[in-house]
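A.B. asks: What follows is input35.cif; its format and atoms are mmCIF, C-alpha atoms and all ligand atoms.
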```
data_entry
loop_
_atom_site.label_atom_id
_atom_site.label_comp_id
_atom_site.auth_asym_id
_atom_site.auth_seq_id
_atom_site.Cartn_x
_atom_site.Cartn_y
_atom_site.Cartn_z
CA MET A 1 -110.05 1.77 -146.61
CA LYS A 2 -110.75 -1.69 -145.24
CA THR A 3 -109.68 -2.02 -141.62
CA PRO A 4 -108.10 -5.36 -140.70
CA PRO A 5 -109.11 -6.76 -137.29
CA CYS A 6 -106.93 -6.12 -134.24
CA PRO A 7 -104.21 -8.81 -134.31
CA ILE A 8 -104.56 -9.22 -130.53
CA CYS A 9 -108.37 -9.15 -129.95
CA HIS A 10 -109.36 -10.15 -133.52
CA LYS A 11 -112.41 -7.88 -133.35
CA THR A 12 -113.01 -5.68 -136.41
CA THR A 13 -115.58 -3.58 -134.57
CA ASN A 14 -112.91 -2.09 -132.28
CA ALA A 15 -110.43 -1.33 -135.05
CA VAL A 16 -110.11 2.15 -136.60
CA VAL A 17 -107.84 3.79 -139.19
CA LEU A 18 -105.59 6.40 -137.54
CA ASN A 19 -103.62 7.38 -140.62
CA GLU A 20 -103.94 6.06 -144.18
CA ASN A 21 -100.47 7.13 -145.37
CA PHE A 22 -97.97 7.25 -142.56
CA PHE A 23 -94.20 7.51 -143.24
CA GLY A 24 -92.37 4.22 -143.76
CA TYR A 25 -88.84 3.39 -142.67
CA LEU A 26 -87.55 3.47 -146.24
CA SER A 27 -87.85 6.92 -147.75
CA GLY A 28 -90.77 7.24 -150.17
CA THR A 29 -92.80 4.40 -148.62
CA PHE A 30 -96.10 4.89 -146.77
CA PHE A 31 -98.18 2.61 -144.58
CA PRO A 32 -101.63 2.68 -142.98
CA ILE A 33 -101.77 2.81 -139.17
CA PHE A 34 -104.66 1.08 -137.36
CA SER A 35 -105.67 1.24 -133.73
CA CYS A 36 -107.75 -1.02 -131.50
CA LYS A 37 -110.08 0.93 -129.23
CA ASP A 38 -110.35 -2.03 -126.89
CA CYS A 39 -106.74 -3.01 -126.08
CA LYS A 40 -105.06 0.28 -127.21
CA HIS A 41 -102.90 -1.66 -129.66
CA GLN A 42 -101.58 0.01 -132.83
CA TYR A 43 -100.59 -1.96 -135.93
CA THR A 44 -99.79 -1.47 -139.59
CA ASP A 45 -100.53 -3.61 -142.66
CA LEU A 46 -99.41 -7.04 -141.44
CA THR A 47 -99.29 -8.50 -144.96
CA THR A 48 -96.31 -6.32 -146.00
CA ASN A 49 -93.38 -8.30 -147.39
CA VAL A 50 -90.22 -7.43 -145.41
CA GLU A 51 -87.78 -9.93 -146.95
CA THR A 52 -85.61 -7.32 -148.63
CA LEU A 53 -86.02 -4.71 -145.89
CA TYR A 54 -83.62 -6.38 -143.45
CA GLU A 55 -81.03 -6.98 -146.18
CA LYS A 56 -81.09 -3.23 -146.77
CA ILE A 57 -80.79 -2.50 -143.05
CA TYR A 58 -78.00 -5.03 -142.46
CA ALA A 59 -76.08 -3.84 -145.52
CA LYS A 60 -75.31 -0.63 -143.63
CA THR A 61 -75.11 0.13 -139.96
CA ALA A 62 -78.57 1.59 -139.42
CA PRO A 63 -78.58 4.74 -137.28
CA GLY A 64 -79.28 3.99 -133.62
CA TYR A 65 -77.90 0.45 -133.77
CA GLU A 66 -74.18 1.26 -133.20
CA ARG A 67 -74.70 0.89 -129.46
CA TYR A 68 -75.14 -2.89 -129.80
CA TYR A 69 -71.53 -3.19 -130.99
CA ARG A 70 -70.43 -1.23 -127.91
CA TYR A 71 -72.39 -3.52 -125.55
CA ALA A 72 -70.83 -6.60 -127.23
CA GLN A 73 -67.37 -5.19 -126.40
CA GLU A 74 -68.07 -3.86 -122.94
CA VAL A 75 -69.84 -6.92 -121.42
CA LEU A 76 -66.60 -8.86 -121.82
CA THR A 77 -64.73 -6.73 -119.29
CA ASP A 78 -67.55 -6.09 -116.82
CA LYS A 79 -67.72 -8.11 -113.57
CA ASN A 80 -71.53 -8.23 -113.64
CA PRO A 81 -72.54 -8.07 -117.32
CA LEU A 82 -76.30 -8.29 -116.63
CA LEU A 83 -76.11 -5.36 -114.22
CA TYR A 84 -74.05 -3.46 -116.79
CA LEU A 85 -76.63 -4.06 -119.57
CA SER A 86 -79.54 -3.11 -117.33
CA SER A 87 -77.84 0.19 -116.49
CA GLN A 88 -77.38 0.92 -120.21
CA GLU A 89 -80.88 0.19 -121.46
CA ALA A 90 -84.26 -0.31 -119.81
CA ALA A 91 -85.09 -3.42 -121.87
CA TYR A 92 -82.41 -5.44 -120.01
CA TYR A 93 -83.48 -4.50 -116.49
CA PRO A 94 -86.27 -7.13 -116.25
CA ILE A 95 -83.72 -9.89 -117.07
CA TYR A 96 -81.29 -8.67 -114.42
CA ASN A 97 -84.11 -8.30 -111.90
CA PHE A 98 -85.56 -11.76 -112.64
CA LEU A 99 -82.22 -13.59 -112.47
CA LYS A 100 -80.46 -11.68 -109.68
CA ASN A 101 -81.11 -14.37 -107.04
CA LYS A 102 -81.38 -17.39 -109.34
CA LYS A 103 -78.84 -19.98 -110.45
CA GLY A 104 -78.88 -23.07 -112.65
CA LEU A 105 -81.82 -22.11 -114.89
CA ASN A 106 -81.92 -23.26 -118.52
CA VAL A 107 -82.54 -20.08 -120.55
CA LEU A 108 -83.29 -19.39 -124.24
CA GLU A 109 -82.86 -15.94 -125.76
CA VAL A 110 -84.83 -15.36 -128.98
CA GLY A 111 -83.38 -12.64 -131.22
CA SER A 112 -79.94 -12.80 -129.62
CA GLY A 113 -78.36 -10.42 -132.18
CA LEU A 114 -74.68 -9.87 -131.40
CA GLY A 115 -74.97 -12.22 -128.41
CA TYR A 116 -74.13 -10.05 -125.41
CA THR A 117 -77.34 -10.77 -123.47
CA THR A 118 -76.93 -14.56 -123.84
CA TYR A 119 -73.31 -14.12 -122.71
CA ALA A 120 -74.40 -12.01 -119.72
CA VAL A 121 -76.97 -14.64 -118.65
CA ASN A 122 -74.31 -17.37 -118.93
CA GLN A 123 -72.04 -15.30 -116.66
CA SER A 124 -74.83 -15.07 -114.04
CA GLY A 125 -74.68 -18.75 -113.09
CA ASN A 126 -77.41 -19.81 -115.50
CA THR A 127 -77.14 -21.57 -118.88
CA CYS A 128 -78.28 -19.65 -121.95
CA THR A 129 -78.67 -20.49 -125.64
CA GLY A 130 -79.21 -17.71 -128.19
CA ILE A 131 -81.06 -17.97 -131.51
CA ASP A 132 -81.32 -15.36 -134.25
CA ILE A 133 -82.46 -15.29 -137.88
CA SER A 134 -79.28 -13.45 -138.95
CA ALA A 135 -76.54 -15.98 -139.80
CA ASP A 136 -74.05 -13.13 -139.79
CA ALA A 137 -74.96 -12.05 -136.24
CA VAL A 138 -74.84 -15.69 -135.03
CA GLU A 139 -71.39 -16.20 -136.52
CA LYS A 140 -70.10 -13.03 -134.82
CA ALA A 141 -71.65 -14.11 -131.49
CA ASN A 142 -70.19 -17.64 -131.64
CA LYS A 143 -66.75 -16.21 -132.35
CA ARG A 144 -66.84 -13.67 -129.55
CA PHE A 145 -68.76 -15.49 -126.80
CA GLY A 146 -68.37 -19.22 -127.50
CA LYS A 147 -70.68 -21.71 -129.21
CA HIS A 148 -74.00 -20.85 -127.57
CA PHE A 149 -75.76 -19.57 -130.70
CA HIS A 150 -77.85 -21.00 -133.56
CA THR A 151 -79.28 -19.47 -136.73
CA ALA A 152 -82.98 -20.26 -136.44
CA THR A 153 -86.48 -18.90 -136.04
CA LEU A 154 -88.26 -20.00 -132.88
CA ASP A 155 -90.37 -22.38 -134.98
CA GLY A 156 -87.29 -23.82 -136.70
CA PHE A 157 -85.48 -24.27 -133.38
CA LYS A 158 -88.53 -26.03 -131.90
CA LYS A 159 -88.46 -28.56 -134.75
CA GLN A 160 -84.79 -29.45 -134.27
CA SER A 161 -84.59 -29.46 -130.46
CA GLU A 162 -86.25 -31.43 -127.66
CA GLU A 163 -84.90 -29.01 -125.06
CA LYS A 164 -87.29 -27.25 -122.65
CA PHE A 165 -86.53 -24.01 -120.80
CA ASP A 166 -87.10 -22.43 -117.38
CA LEU A 167 -86.94 -18.97 -118.94
CA ILE A 168 -87.36 -17.66 -122.49
CA ILE A 169 -86.28 -14.06 -123.16
CA ALA A 170 -87.42 -11.83 -126.03
CA THR A 171 -86.36 -8.19 -125.60
CA GLU A 172 -87.61 -5.64 -128.14
CA LEU A 173 -88.56 -8.40 -130.59
CA ILE A 174 -92.35 -8.88 -130.80
CA GLU A 175 -92.96 -5.39 -132.24
CA HIS A 176 -91.03 -6.59 -135.35
CA LEU A 177 -93.29 -9.61 -135.89
CA GLN A 178 -96.27 -10.00 -138.21
CA ASP A 179 -97.78 -12.69 -136.00
CA PRO A 180 -96.81 -12.24 -132.33
CA THR A 181 -99.57 -14.67 -131.24
CA GLN A 182 -97.90 -17.49 -133.14
CA PHE A 183 -94.61 -16.48 -131.49
CA VAL A 184 -95.86 -16.64 -127.88
CA GLY A 185 -97.68 -19.90 -128.72
CA GLU A 186 -94.41 -21.47 -129.90
CA ALA A 187 -92.54 -20.08 -126.89
CA GLU A 188 -95.16 -21.60 -124.58
CA THR A 189 -94.51 -25.10 -125.95
CA LEU A 190 -90.77 -24.67 -125.28
CA LEU A 191 -91.29 -23.76 -121.61
CA LYS A 192 -91.01 -26.31 -118.83
CA PRO A 193 -94.08 -26.49 -116.55
CA GLY A 194 -93.76 -23.47 -114.25
CA GLY A 195 -91.44 -21.77 -116.76
CA THR A 196 -91.47 -18.06 -117.60
CA LEU A 197 -91.54 -16.08 -120.84
CA LEU A 198 -90.07 -12.58 -120.45
CA ILE A 199 -91.05 -10.02 -123.10
CA THR A 200 -90.14 -6.35 -123.37
CA THR A 201 -91.50 -3.94 -126.01
CA PRO A 202 -91.96 -0.15 -126.51
CA ASN A 203 -94.90 1.06 -124.40
CA LYS A 204 -97.63 2.90 -126.33
CA CYS A 205 -99.21 4.11 -123.10
CA PHE A 206 -96.11 6.13 -122.17
CA TYR A 207 -97.13 8.50 -124.98
CA PRO A 208 -100.24 10.72 -125.25
CA SER A 209 -103.44 8.76 -125.93
CA ASP A 210 -103.75 10.34 -129.41
CA ALA A 211 -100.13 9.56 -130.38
CA VAL A 212 -99.75 7.94 -133.79
CA TRP A 213 -96.86 5.50 -134.15
CA GLN A 214 -94.15 7.23 -132.12
CA THR A 215 -92.05 4.09 -132.42
CA ASP A 216 -89.72 2.76 -135.17
CA LEU A 217 -91.33 3.37 -138.53
CA PRO A 218 -93.26 0.62 -140.34
CA PRO A 219 -92.64 -2.00 -141.44
CA VAL A 220 -89.57 -2.29 -139.12
CA HIS A 221 -92.12 -2.25 -136.30
CA PHE A 222 -95.41 -3.94 -137.25
CA GLN A 223 -97.00 -3.46 -133.82
CA TRP A 224 -97.05 -0.93 -131.03
CA PHE A 225 -98.16 -2.57 -127.78
CA SER A 226 -99.86 -1.19 -124.71
CA PRO A 227 -99.50 -3.01 -121.36
CA GLN A 228 -103.10 -4.18 -121.99
CA SER A 229 -102.41 -5.68 -125.43
CA LEU A 230 -99.18 -7.28 -124.15
CA GLN A 231 -101.15 -8.91 -121.33
CA LYS A 232 -103.84 -10.16 -123.76
CA LEU A 233 -101.18 -11.59 -126.06
CA GLY A 234 -99.85 -13.95 -123.39
CA GLU A 235 -103.24 -14.84 -122.00
CA LYS A 236 -104.40 -15.94 -125.48
CA VAL A 237 -102.03 -18.91 -125.23
CA GLY A 238 -102.86 -19.65 -121.60
CA LEU A 239 -99.98 -17.89 -119.87
CA THR A 240 -100.47 -15.91 -116.66
CA TYR A 241 -99.27 -12.31 -116.91
CA ALA A 242 -97.43 -10.16 -114.39
CA GLU A 243 -96.30 -6.66 -115.30
CA VAL A 244 -92.64 -5.86 -114.58
CA SER A 245 -92.18 -2.74 -112.44
CA TYR A 246 -89.37 -0.31 -113.22
CA GLN A 247 -89.76 1.30 -109.80
CA ASN A 248 -86.26 0.31 -108.65
CA SER A 249 -84.60 0.28 -112.05
CA HIS A 250 -81.17 1.93 -112.09
CA ILE A 251 -81.43 2.97 -115.72
CA ARG A 252 -80.03 6.44 -116.39
CA GLN A 253 -83.23 7.79 -117.87
CA ASN A 254 -85.12 10.82 -116.62
CA THR A 255 -88.68 9.57 -117.19
CA LEU A 256 -90.36 12.83 -116.19
CA LEU A 257 -88.29 14.80 -118.69
CA GLU A 258 -89.00 12.23 -121.41
CA TRP A 259 -92.67 12.27 -120.60
CA PHE A 260 -92.75 16.05 -121.24
CA TYR A 261 -90.57 15.70 -124.32
CA TRP A 262 -92.88 13.17 -125.95
CA ARG A 263 -96.08 15.20 -125.32
CA LYS A 264 -95.95 16.41 -128.93
CA PRO A 265 -95.37 14.21 -132.00
CA HIS A 266 -91.73 13.70 -133.01
CA TYR A 267 -92.03 12.10 -136.43
CA THR A 268 -88.78 13.65 -137.65
CA ASN A 269 -86.92 12.13 -134.73
CA HIS A 270 -87.44 8.64 -136.13
CA GLN A 271 -84.61 6.76 -137.75
CA LEU A 272 -85.81 7.26 -141.29
CA PHE A 273 -83.59 5.06 -143.43
CA GLU A 274 -82.68 6.84 -146.65
CA GLU A 275 -81.47 4.74 -149.59
CA SER A 276 -78.52 7.07 -150.10
CA ALA A 277 -77.66 8.52 -146.71
CA PRO A 278 -79.21 7.74 -143.31
CA THR A 279 -80.71 10.78 -141.57
CA VAL A 280 -78.99 11.36 -138.28
CA VAL A 281 -80.79 13.71 -135.94
CA LYS A 282 -78.26 15.65 -133.90
CA ARG A 283 -79.05 17.39 -130.63
CA SER A 284 -78.03 21.02 -130.29
CA MET A 285 -75.35 21.95 -127.73
CA ILE A 286 -77.97 23.51 -125.43
CA ALA A 287 -80.11 20.33 -125.65
CA ASN A 288 -77.03 18.31 -124.69
CA ILE A 289 -76.33 20.55 -121.68
CA ILE A 290 -79.96 20.23 -120.52
CA LYS A 291 -79.75 16.46 -120.99
CA THR A 292 -76.54 16.28 -118.91
CA ILE A 293 -78.15 18.26 -116.07
CA ALA A 294 -81.38 16.25 -116.30
CA GLU A 295 -79.46 12.99 -116.08
CA SER A 296 -77.37 14.03 -113.08
CA SER A 297 -78.08 11.65 -110.18
CA LEU A 298 -79.86 14.22 -108.01
CA VAL A 299 -82.17 15.72 -110.66
CA MET A 300 -82.91 12.30 -112.10
CA SER A 301 -83.86 10.67 -108.82
CA LEU A 302 -86.11 13.62 -107.87
CA CYS A 303 -87.83 13.63 -111.28
CA ASN A 304 -88.20 9.86 -111.40
CA ALA A 305 -89.61 9.75 -107.86
CA TYR A 306 -92.17 12.42 -108.75
CA TYR A 307 -93.10 10.87 -112.09
CA LYS A 308 -93.41 7.32 -110.79
CA LYS A 309 -95.56 8.60 -107.96
CA ALA A 310 -97.74 10.42 -110.48
CA ASN A 311 -98.15 7.39 -112.74
CA SER A 312 -96.28 4.29 -111.74
CA ARG A 313 -97.48 2.15 -114.69
CA ASN A 314 -95.91 4.45 -117.25
CA PHE A 315 -92.42 3.80 -118.54
CA PRO A 316 -91.11 3.98 -122.13
CA ILE A 317 -90.67 0.20 -122.15
CA THR A 318 -93.38 -2.21 -121.05
CA ALA A 319 -92.38 -5.67 -119.89
CA GLY A 320 -94.31 -8.78 -118.94
CA LEU A 321 -93.49 -12.02 -117.18
CA PHE A 322 -95.69 -14.79 -118.59
CA GLN A 323 -95.92 -17.84 -116.40
CA LYS A 324 -96.75 -21.35 -117.58
CA ALA A 325 -98.80 -23.41 -115.12
CA ALA A 326 -96.67 -25.76 -113.00
CA ASN A 327 -99.10 -28.70 -112.88
CA GLU A 328 -99.63 -30.08 -116.36
ZN ZN B 401 -107.33 -5.18 -129.64
#
```
Would you write the structure of this file as C-alpha cells?
Ligand SMILES: [Zn+2]

C.D. replies:
Amino acid sequence: MKTPPCPICHKTTNAVVLNENFFGYLSGTFFPIFSCKDCKHQYTDLTTNVETLYEKIYAKTAPGYERYYRYAQEVLTDKNPLLYLSSQEAAYYPIYNFLKNKKGLNVLEVGSGLGYTTYAVNQSGNTCTGIDISADAVEKANKRFGKHFHTATLDGFKKQSEEKFDLIIATELIEHLQDPTQFVGEAETLLKPGGTLLITTPNKCFYPSDAVWQTDLPPVHFQWFSPQSLQKLGEKVGLTYAEVSYQNSHIRQNTLLEWFYWRKPHYTNHQLFEESAPTVVKRSMIANIIKTIAESSLVMSLCNAYYKKANSRNFPITAGLFQKAANE
C-alpha cells in the first residue's frame, strides 16, 4: 500500500500504515489509517468523497448528537451561557476562559451548527457571527437566536465579506476536514493584526501511544491530531501557538478514570452508523453507578488533581490559541 505523506509535515519518510482496513462510519466500509512518526498525527485517505455521507448523517439524528439540541434549548434560559456550555463539554471551556474578561471583540464562529455557541458569545458582551455549511442548521439558528448566521464555507465567506475579526473559533471542526492547512490559512487572512484563532480537537496523546483511531470513525473524522501536530498546523501559516490548559476547567469529567478506561482499544464504543438502525452502546447499571460515584465532586477533584499532576498536558481535548502578529 502506498503511504500518502503526512498532511501536516508533508514528509513521506515519517509516514507509516497503521491499519490497511479499519472500520468506517458507515457499516461495511473500510479505510486505511496512517500515522506520522514525527508529529504523532493520524490520518485516513484524504481523497475520500464525503458528499453523500453528511446527507446520510443529517437525514437521521446520528447517535451522540442529540446533546446539541439540548444545549440550543438550555443556553436560552441560562444567565451565563458560555459558562453553562463550558461546564457541559470540554471543547467550550477555552472560549469561556478566553472571553471571560473581554468585551467588544468581533468574533467569527466557523461550524456554528445549531448556533448556541455564537449566541453565548453574543451574550458575553462581544459580537459574534456564525457560519456553517448546513443551510438547515443555519435556518434553525437564525430562527432561534436572531440573524447572526450565514450558510457558507470559510472560503466562501471570505469572498463575500470584507470583515476582519479579533477572534475566530473552530471547536471540534478541523478533524472533519480534508485540508486543515487550507482552513487555518484562510482563517489567518480573516484575522485582524493581533487577532486570535481558537481551535479545539480530540487529543490523540490522551490515548496510549499505540492507539489506532480511537476517535469518530473515518471518513467523519479525517484527522486525529496530537498537540504537536496542532501546533505545527498553525505555525505553517505563520501563527504563534499557545496550548490551552484545562487545569482550572470546571468540566464534569473524571480524567483519571477516563485515562484508565481508554488504556485498551474501544472500537465497538464508536458511533458506527448503520444504514438501517444506529448502534447505541448502553452502559450497564453497575457502570452507571460507578460513573455517578466517579463524577461526584469529591472523587472527581481528587482524581483530577492527581492525574493533572501526573501528566498536565494530557486531556481528551487539545486546544490551541493561534496568534497573528500585531505589527503588519
Ligand atoms: Zn507529521

A.B. asks: List as number ranges by chain the protein and nucleic acid residues lying within 6 Å of ligand ZN 401 (chain B), with all atoms listed in the file counted.

C.D. replies: A: 6, 8-9, 36, 38-39, 41

A.B. asks: Got a sec: who's within 12 Å of region 324-326 of chain A, counting all atoms listed in the file, leaving out chain neighbours fewer than 6 positions off, as an MDAnalysis selection string?

C.D. replies: chainID A and resid 165:168 184:185 187:198 234:235 237:242

A.B. asks: Which polymer residues have any atom within 6 Å of an atom of His221 (chain A), counting all atoms listed in the file, with same-chain residues fewer than 2 positions away left out, as a list in words?

C.D. replies: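 After dropping sequence-adjacent residues, the list is Glu175, His176, Asp216, Pro218, Pro219 and Gln223 of chain A.
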
A.B. asks: Could you work out how far CA of Asn203 (chain A) lies from CA of Phe225 (chain A), giving the answer in Å with one decimal?

C.D. replies: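 Value for the CA of Phe225 (chain A)-CA of Asn203 (chain A) distance: 5.9 Å.
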
A.B. asks: What's around Ala305 (chain A) at 10 Å? Count all atoms listed in the file, leave out sequence neighbours fewer than 3 positions away in its own chain, and write the answer as a ChimeraX atom specification.

C.D. replies: /A:247,254-256,299-302,308-310,312

A.B. asks: Based on the selection just made, write C-alpha atoms of those residues as an mmCIF file, in the coordinates of the input.

C.D. replies:
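again.cif was written with the following content:
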```cif
data_model
loop_
_atom_site.group_PDB
_atom_site.id
_atom_site.type_symbol
_atom_site.label_atom_id
_atom_site.label_comp_id
_atom_site.auth_asym_id
_atom_site.auth_seq_id
_atom_site.Cartn_x
_atom_site.Cartn_y
_atom_site.Cartn_z
ATOM 1 C CA GLN A 247 -89.760 1.300 -109.800
ATOM 2 C CA ASN A 254 -85.120 10.820 -116.620
ATOM 3 C CA THR A 255 -88.680 9.570 -117.190
ATOM 4 C CA LEU A 256 -90.360 12.830 -116.190
ATOM 5 C CA VAL A 299 -82.170 15.720 -110.660
ATOM 6 C CA MET A 300 -82.910 12.300 -112.100
ATOM 7 C CA SER A 301 -83.860 10.670 -108.820
ATOM 8 C CA LEU A 302 -86.110 13.620 -107.870
ATOM 9 C CA LYS A 308 -93.410 7.320 -110.790
ATOM 10 C CA LYS A 309 -95.560 8.600 -107.960
ATOM 11 C CA ALA A 310 -97.740 10.420 -110.480
ATOM 12 C CA SER A 312 -96.280 4.290 -111.740
#
```

A.B. asks: Taking into account all atoms listed in the file, which residue in the set A:Lys158, A:Lys11, A:Lys40, A:Lys2 is nearest to Lys204 (chain A)?

C.D. replies: A:Lys40

A.B. asks: As a ChimeraX atom specification, please: the residues near Ser297 (chain A) (cut-off 12 Å, all atoms listed in the file, same-chain neighbours under 5 positions excluded).

C.D. replies: /A:250-254,291-292,302-305

A.B. asks: Neighbours of Asp179 (chain A) within 9 Å (only C-alpha atoms; same-chain residues fewer than 4 positions away dropped), as a CSV table (one decimal) with C-alpha atoms, keeping the file's coordinate frame?

C.D. replies:
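Once everything was written out, this is part.csv:
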```csv
chain,number,residue,atom,x,y,z
A,7,PRO,CA,-104.2,-8.8,-134.3
A,46,LEU,CA,-99.4,-7.0,-141.4
A,174,ILE,CA,-92.4,-8.9,-130.8
A,183,PHE,CA,-94.6,-16.5,-131.5
```

A.B. asks: I need the residue nearest Tyr92 (chain A) from this list: A:Leu154, A:Ile199, A:Ile289, A:Leu217. Use only C-alpha atoms for the distance.

C.D. replies: A:Ile199

A.B. asks: So, counting all atoms listed in the file, which residue among A:Pro94, A:Gln231, A:Asp45, A:Phe23 is closest to Thr3 (chain A)?

C.D. replies: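 For Thr3 (chain A), the nearest of the candidates is A:Asp45.
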
A.B. asks: Between A:Trp224, A:Trp262, A:Tyr207, A:Tyr307, which is the closest to Tyr246 (chain A) once you count only C-alpha atoms?

C.D. replies: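 Ranking A:Trp224, A:Trp262, A:Tyr207, A:Tyr307 by distance to Tyr246 (chain A), first place goes to A:Tyr307.
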
A.B. asks: Considering only C-alpha atoms, state which residue in the set A:Tyr261, A:Phe22, A:Phe222, A:Tyr68 is at the smallest distance from Pro180 (chain A).

C.D. replies: A:Phe222

A.B. asks: Kindly indicate which residue among A:Thr151, A:Asn80, A:Gln214, A:Ser296 lies nearest to Pro316 (chain A), using all atoms listed in the file for the distances.

C.D. replies: A:Gln214

A.B. asks: To one decimal place in Å, what is the distance between CA of Thr153 (chain A) and CA of Thr118 (chain A)?

C.D. replies: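 Interatomic distance here is 16.1 Å.
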
A.B. asks: Give me, please, the distance in Å between CA of Leu76 (chain A) and CA of Asn142 (chain A), quoted to one decimal.

C.D. replies: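 These two atoms are separated by 13.7 Å.
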
A.B. asks: Just give me the residues with any atom within 7 Å of (-99.5, 5.8, -131.4), file coordinates, counting all atoms listed in the file, written as a list in words.

C.D. replies: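 The distance filter leaves exactly Gln42, Lys204, Asp210, Ala211, Val212, Trp213 and Gln214 of chain A.
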